[in-house]
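Shown below: target26.cif, with mmCIF, C-alpha atoms.
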data_my_file
loop_
_atom_site.label_atom_id
_atom_site.label_comp_id
_atom_site.auth_asym_id
_atom_site.auth_seq_id
_atom_site.Cartn_x
_atom_site.Cartn_y
_atom_site.Cartn_z
CA MET A 1 -84.49 -226.01 -151.22
CA ASP A 2 -82.18 -228.97 -151.82
CA LYS A 3 -83.34 -232.58 -151.63
CA LYS A 4 -81.70 -233.19 -148.24
CA LYS A 5 -83.58 -230.32 -146.59
CA ALA A 6 -86.81 -231.36 -148.33
CA ARG A 7 -86.51 -234.94 -147.01
CA ALA A 8 -85.77 -233.63 -143.49
CA LEU A 9 -88.83 -231.39 -143.63
CA GLU A 10 -91.07 -234.20 -144.86
CA LYS A 11 -89.72 -236.47 -142.12
CA ALA A 12 -90.45 -233.84 -139.46
CA LYS A 13 -93.98 -233.34 -140.77
CA ALA A 14 -94.61 -237.09 -140.80
CA SER A 15 -93.28 -237.40 -137.24
CA LYS A 16 -95.52 -234.56 -136.05
CA GLN A 17 -98.54 -236.10 -137.77
CA ARG A 18 -97.87 -239.49 -136.15
CA SER A 19 -97.60 -237.79 -132.77
CA ILE A 20 -100.93 -236.02 -133.30
CA GLU A 21 -102.64 -239.23 -134.40
CA LYS A 22 -101.20 -241.10 -131.42
CA GLN A 23 -102.46 -238.43 -129.01
CA MET A 24 -105.93 -238.41 -130.63
CA ALA A 25 -106.13 -242.19 -130.40
CA LYS A 26 -105.13 -242.02 -126.74
CA GLN A 27 -107.78 -239.41 -125.94
CA ALA A 28 -110.42 -241.44 -127.78
CA SER A 29 -109.61 -244.50 -125.71
CA PRO A 30 -112.41 -245.37 -123.19
CA GLU A 31 -109.79 -246.40 -120.64
CA TYR A 32 -107.99 -243.04 -120.91
CA ARG A 33 -111.22 -241.05 -120.72
CA GLU A 34 -112.41 -243.04 -117.71
CA LYS A 35 -109.05 -242.49 -115.99
CA GLN A 36 -109.21 -238.73 -116.65
CA PHE A 37 -112.82 -238.56 -115.47
CA LYS A 38 -111.97 -240.44 -112.27
CA LYS A 39 -109.01 -238.14 -111.64
CA GLN A 40 -111.18 -235.07 -112.13
CA ARG A 41 -113.86 -236.37 -109.76
CA GLU A 42 -111.25 -237.16 -107.11
CA GLN A 43 -109.83 -233.63 -107.36
CA GLN A 44 -113.31 -232.12 -107.12
CA GLU A 45 -114.13 -234.26 -104.08
CA LYS A 46 -110.87 -233.26 -102.35
CA GLN A 47 -111.61 -229.60 -103.03
CA ARG A 48 -115.19 -229.97 -101.76
CA ILE A 49 -114.04 -231.68 -98.54
CA LYS A 50 -111.38 -229.02 -98.04
CA GLN A 51 -113.95 -226.24 -98.44
CA LEU A 52 -116.37 -227.94 -96.05
CA GLU A 53 -113.69 -228.37 -93.41
CA LYS A 54 -112.65 -224.76 -93.81
CA LEU A 55 -116.25 -223.62 -93.50
CA LYS A 56 -116.80 -225.67 -90.32
CA GLU A 57 -113.90 -223.82 -88.69
CA GLY A 58 -115.74 -220.55 -89.29
CA PRO A 59 -114.35 -217.29 -90.66
CA THR A 60 -111.42 -215.63 -88.93
CA ALA A 61 -111.65 -212.12 -87.50
CA VAL A 62 -109.61 -210.82 -90.43
CA GLN A 63 -111.93 -212.47 -92.97
CA ILE A 64 -115.00 -211.03 -91.27
CA ALA A 65 -113.45 -207.55 -91.17
CA LYS A 66 -112.55 -207.76 -94.88
CA ARG A 67 -116.07 -208.92 -95.78
CA VAL A 68 -117.69 -206.13 -93.77
CA ALA A 69 -115.39 -203.57 -95.43
CA SER A 70 -116.22 -205.01 -98.86
CA VAL A 71 -119.96 -204.81 -98.16
CA LYS A 72 -119.64 -201.18 -97.07
CA ARG A 73 -117.71 -200.31 -100.23
CA SER A 74 -120.35 -201.99 -102.39
CA GLN A 75 -123.13 -200.10 -100.64
CA VAL A 76 -121.36 -196.78 -101.20
CA LYS A 77 -120.88 -197.54 -104.91
CA ALA A 78 -124.49 -198.69 -105.45
CA GLN A 79 -126.18 -196.07 -107.62
CA SER A 80 -129.28 -195.52 -109.80
CA LYS A 81 -132.56 -197.34 -109.23
CA PRO A 82 -132.37 -200.59 -107.26
CA ILE A 83 -133.81 -203.91 -108.35
CA ALA A 84 -137.28 -204.94 -107.14
CA ARG A 85 -137.81 -207.49 -104.41
CA THR A 86 -141.38 -208.73 -103.84
CA PRO A 87 -142.54 -210.83 -100.85
CA LEU A 88 -140.45 -213.93 -100.19
CA LYS A 89 -141.26 -217.31 -101.62
CA LEU A 90 -139.25 -220.47 -101.08
CA THR A 91 -138.89 -222.70 -104.14
CA SER A 92 -139.41 -226.44 -103.83
CA VAL A 93 -136.34 -228.48 -102.98
CA LYS A 94 -135.65 -231.83 -104.62
CA GLY A 95 -133.28 -234.38 -103.13
CA LYS A 96 -132.84 -235.15 -99.45
CA THR A 97 -136.07 -234.45 -97.54
CA ARG A 98 -135.82 -231.52 -95.15
CA ASN A 99 -136.70 -232.05 -91.49
CA LYS A 100 -138.43 -229.45 -89.28
CA GLN A 101 -135.14 -227.96 -88.14
CA GLU A 102 -133.91 -227.57 -91.72
CA LEU A 103 -137.22 -226.07 -92.85
CA ALA A 104 -137.06 -223.55 -90.00
CA PHE A 105 -133.47 -222.72 -90.98
CA HIS A 106 -134.52 -222.08 -94.59
CA ASP A 107 -137.40 -219.86 -93.48
CA GLU A 108 -134.98 -217.87 -91.33
CA ILE A 109 -132.36 -217.29 -94.03
CA ALA A 110 -135.01 -216.54 -96.67
CA ALA A 111 -136.39 -213.83 -94.40
CA LEU A 112 -133.05 -212.04 -94.78
CA GLY A 113 -133.80 -211.46 -98.47
CA CYS A 114 -131.24 -211.98 -101.22
CA ILE A 115 -127.82 -211.81 -99.57
CA CYS A 116 -126.23 -210.43 -102.75
CA CYS A 117 -128.83 -207.68 -103.21
CA ASN A 118 -128.44 -206.77 -99.53
CA ASN A 119 -124.67 -206.51 -99.88
CA LEU A 120 -125.07 -204.30 -102.95
CA GLY A 121 -127.44 -202.01 -101.08
CA LEU A 122 -130.41 -202.73 -103.38
CA THR A 123 -133.85 -201.96 -101.91
CA LEU A 124 -137.48 -202.42 -102.88
CA ASP A 125 -138.48 -200.64 -106.08
CA GLN A 126 -141.45 -202.23 -107.81
CA GLU A 127 -140.98 -200.20 -111.02
CA SER A 128 -137.35 -201.21 -111.61
CA VAL A 129 -137.99 -204.69 -113.02
CA VAL A 130 -141.26 -205.93 -114.49
CA SER A 131 -140.69 -209.61 -113.60
CA VAL A 132 -141.77 -210.76 -110.14
CA GLN A 133 -138.77 -211.48 -107.96
CA TYR A 134 -138.67 -214.14 -105.26
CA VAL A 135 -136.02 -215.37 -102.86
CA SER A 136 -135.07 -219.03 -103.17
CA VAL A 137 -132.69 -221.27 -101.24
CA HIS A 138 -129.54 -222.01 -103.24
CA HIS A 139 -127.76 -225.23 -102.19
CA VAL A 140 -124.02 -224.64 -102.56
CA TYR A 141 -122.91 -228.29 -102.25
CA GLY A 142 -125.95 -230.10 -103.60
CA ARG A 143 -128.93 -231.50 -101.71
CA THR A 144 -127.88 -234.99 -100.62
CA GLY A 145 -125.01 -234.53 -98.14
CA LYS A 146 -125.33 -234.70 -94.35
CA TYR A 147 -125.40 -230.92 -93.86
CA SER A 148 -126.42 -230.00 -97.40
CA HIS A 149 -129.52 -228.08 -96.27
CA TYR A 150 -127.38 -225.78 -94.12
CA TYR A 151 -124.77 -224.90 -96.74
CA CYS A 152 -127.29 -222.63 -98.45
CA LEU A 153 -127.74 -219.03 -99.56
CA PRO A 154 -130.92 -216.97 -99.91
CA LEU A 155 -130.81 -215.60 -103.46
CA CYS A 156 -133.21 -213.67 -105.67
CA GLN A 157 -133.97 -215.19 -109.04
CA TYR A 158 -131.53 -212.83 -110.79
CA HIS A 159 -128.61 -213.90 -108.58
CA HIS A 160 -129.74 -217.54 -108.61
CA ASP A 161 -130.86 -218.92 -111.96
CA THR A 162 -132.66 -216.29 -114.05
CA PRO A 163 -130.84 -213.68 -116.19
CA LEU A 164 -132.18 -210.13 -116.26
CA GLU A 165 -133.92 -208.95 -119.40
CA LYS A 166 -131.34 -207.67 -121.92
CA GLY A 167 -132.17 -204.03 -121.27
CA TRP A 168 -131.69 -204.49 -117.54
CA GLN A 169 -128.44 -206.42 -118.11
CA ILE A 170 -126.98 -203.24 -119.56
CA LYS A 171 -128.16 -201.18 -116.60
CA TYR A 172 -127.03 -203.74 -114.01
CA PRO A 173 -124.00 -205.51 -115.56
CA ASN A 174 -122.89 -206.93 -112.19
CA ILE A 175 -126.18 -208.76 -111.56
CA PHE A 176 -126.39 -212.22 -113.12
CA PRO A 177 -127.17 -215.79 -111.94
CA VAL A 178 -124.68 -218.13 -110.31
CA HIS A 179 -126.17 -220.90 -112.46
CA ALA A 180 -125.10 -219.93 -115.97
CA LYS A 181 -127.76 -219.63 -118.65
CA GLY A 182 -125.97 -219.87 -121.95
CA SER A 183 -123.39 -217.09 -122.01
CA VAL A 184 -124.97 -215.26 -119.06
CA GLY A 185 -123.74 -215.84 -115.50
CA GLY A 186 -121.62 -218.58 -114.00
CA LYS A 187 -119.92 -219.31 -110.68
CA THR A 188 -116.46 -217.89 -111.45
CA ALA A 189 -117.64 -214.45 -112.62
CA TRP A 190 -120.40 -214.43 -109.98
CA GLU A 191 -117.95 -214.95 -107.10
CA LYS A 192 -115.69 -212.15 -108.37
CA ILE A 193 -118.59 -209.74 -107.87
CA ASN A 194 -120.32 -211.18 -104.81
CA GLY A 195 -117.52 -212.95 -102.94
CA THR A 196 -117.07 -216.70 -102.61
CA GLN A 197 -120.07 -218.80 -101.67
CA ASP A 198 -118.25 -219.98 -98.54
CA GLU A 199 -117.81 -216.35 -97.45
CA LEU A 200 -121.48 -215.65 -98.06
CA ILE A 201 -122.52 -218.76 -96.12
CA ALA A 202 -120.42 -217.57 -93.19
CA GLN A 203 -122.08 -214.15 -93.44
CA VAL A 204 -125.60 -215.64 -93.52
CA TRP A 205 -124.84 -217.89 -90.54
CA SER A 206 -123.45 -214.91 -88.66
CA LEU A 207 -126.52 -212.76 -89.42
CA ILE A 208 -128.90 -215.32 -87.87
CA GLY A 209 -126.53 -216.51 -85.14
CA PHE A 210 -126.34 -220.07 -86.50
CA GLU A 211 -123.64 -222.58 -85.57
CA LEU A 212 -123.39 -225.98 -87.26
CA GLU A 213 -122.37 -227.79 -84.08
CA HIS A 214 -125.79 -227.01 -82.60
CA VAL A 215 -127.54 -229.07 -85.28
CA ALA A 216 -129.36 -232.02 -83.74
#
Could I get this structure in the form of structure tokens?
Amino acid sequence: MDKKKARALEKAKASKQRSIEKQMAKQASPEYREKQFKKQREQQEKQRIKQLEKLKEGPTAVQIAKRVASVKRSQVKAQSKPIARTPLKLTSVKGKTRNKQELAFHDEIAALGCICCNNLGLTLDQESVVSVQYVSVHHVYGRTGKYSHYYCLPLCQYHHDTPLEKGWQIKYPNIFPVHAKGSVGGKTAWEKINGTQDELIAQVWSLIGFELEHVA
């Protein structure tokens, strides 16, 4: 390599290094990080509001038909021994205090059992899983909003926040918690198996004949 090419190469390397250092300095800047954090929060809030507005409108006939068809397909595919479901137990809820109407609503949806297990066609089998399984109320949009206690799903511990034992994870690879525990579970993978949480909320509301506009 002649000296001219060597100098050009060194110049290019130096330029690339300066660019990297400049970008790293920018990302380390508190102002830049605060701006990015604010932008992310704004996007998340817009998405949350959009989802809430969409949910208030209720599912369309086509969406309901697709969901029913999906549930039927899942039930047909469900094989081997089902997961256990013991008597229902509501977990304590921290955050905004529930009123009598909200408590009654939670009792009603919890009585349905785990919506995901129901859609998969899983029934009571006490010998399938050693751990005791309860149904808890999962708050999809947190616990502090105006209607937060209605945007909920009844979930068993294995679809909510507790991974199956490793042996059972192999047997039931499609059953894992929406709240990730390490490398197990997580919202994105969970919704691919069980449908979006908005779809499931619409299904739960439909099953108990609930309409948000009737809330006092």
| request: Can you turn the PyMOL selection byres ((chain A and resi 138-146) around 8) into a concrete residue list for this file, as a list in words? | output: Arg48, Lys94, Gly95, Lys96, Ser136, Val137, Tyr147, Ser148, His149, Tyr151, Cys152, Leu153, Pro154, Leu155, His160 and Gln197 of chain A
| Ground truth for the PyMOL selection byres ((chain A and resi 175-185) around 8), written as a list of chain:residue names | A:Gln157, A:Tyr158, A:His159, A:His160, A:Asp161, A:Thr162, A:Pro163, A:Leu164, A:Gln169, A:Tyr172, A:Pro173, A:Asn174, A:Gly186, A:Lys187, A:Ala189, A:Trp190
| request: Grab the CA of Cys117 in chain A to CA of Leu212 in chain A distance for me, in Å with one decimal place. | output: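 According to the coordinates, CA of Cys117 in chain A and CA of Leu212 in chain A are separated by 24.9 Å.
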| request: Kindly give the distance, in Å, that separates CA of Glu102 in chain A and CA of Gly121 in chain A, rounded to a single decimal. | output: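 CA of Glu102 in chain A sits 28.0 Å away from CA of Gly121 in chain A.
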| Which value, in Å to one decimal, gives the distance between CA of Ala25 in chain A and CA of Ala6 in chain A? |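 CA of Ala6 in chain A lies at a distance of 28.5 Å from CA of Ala25 in chain A.
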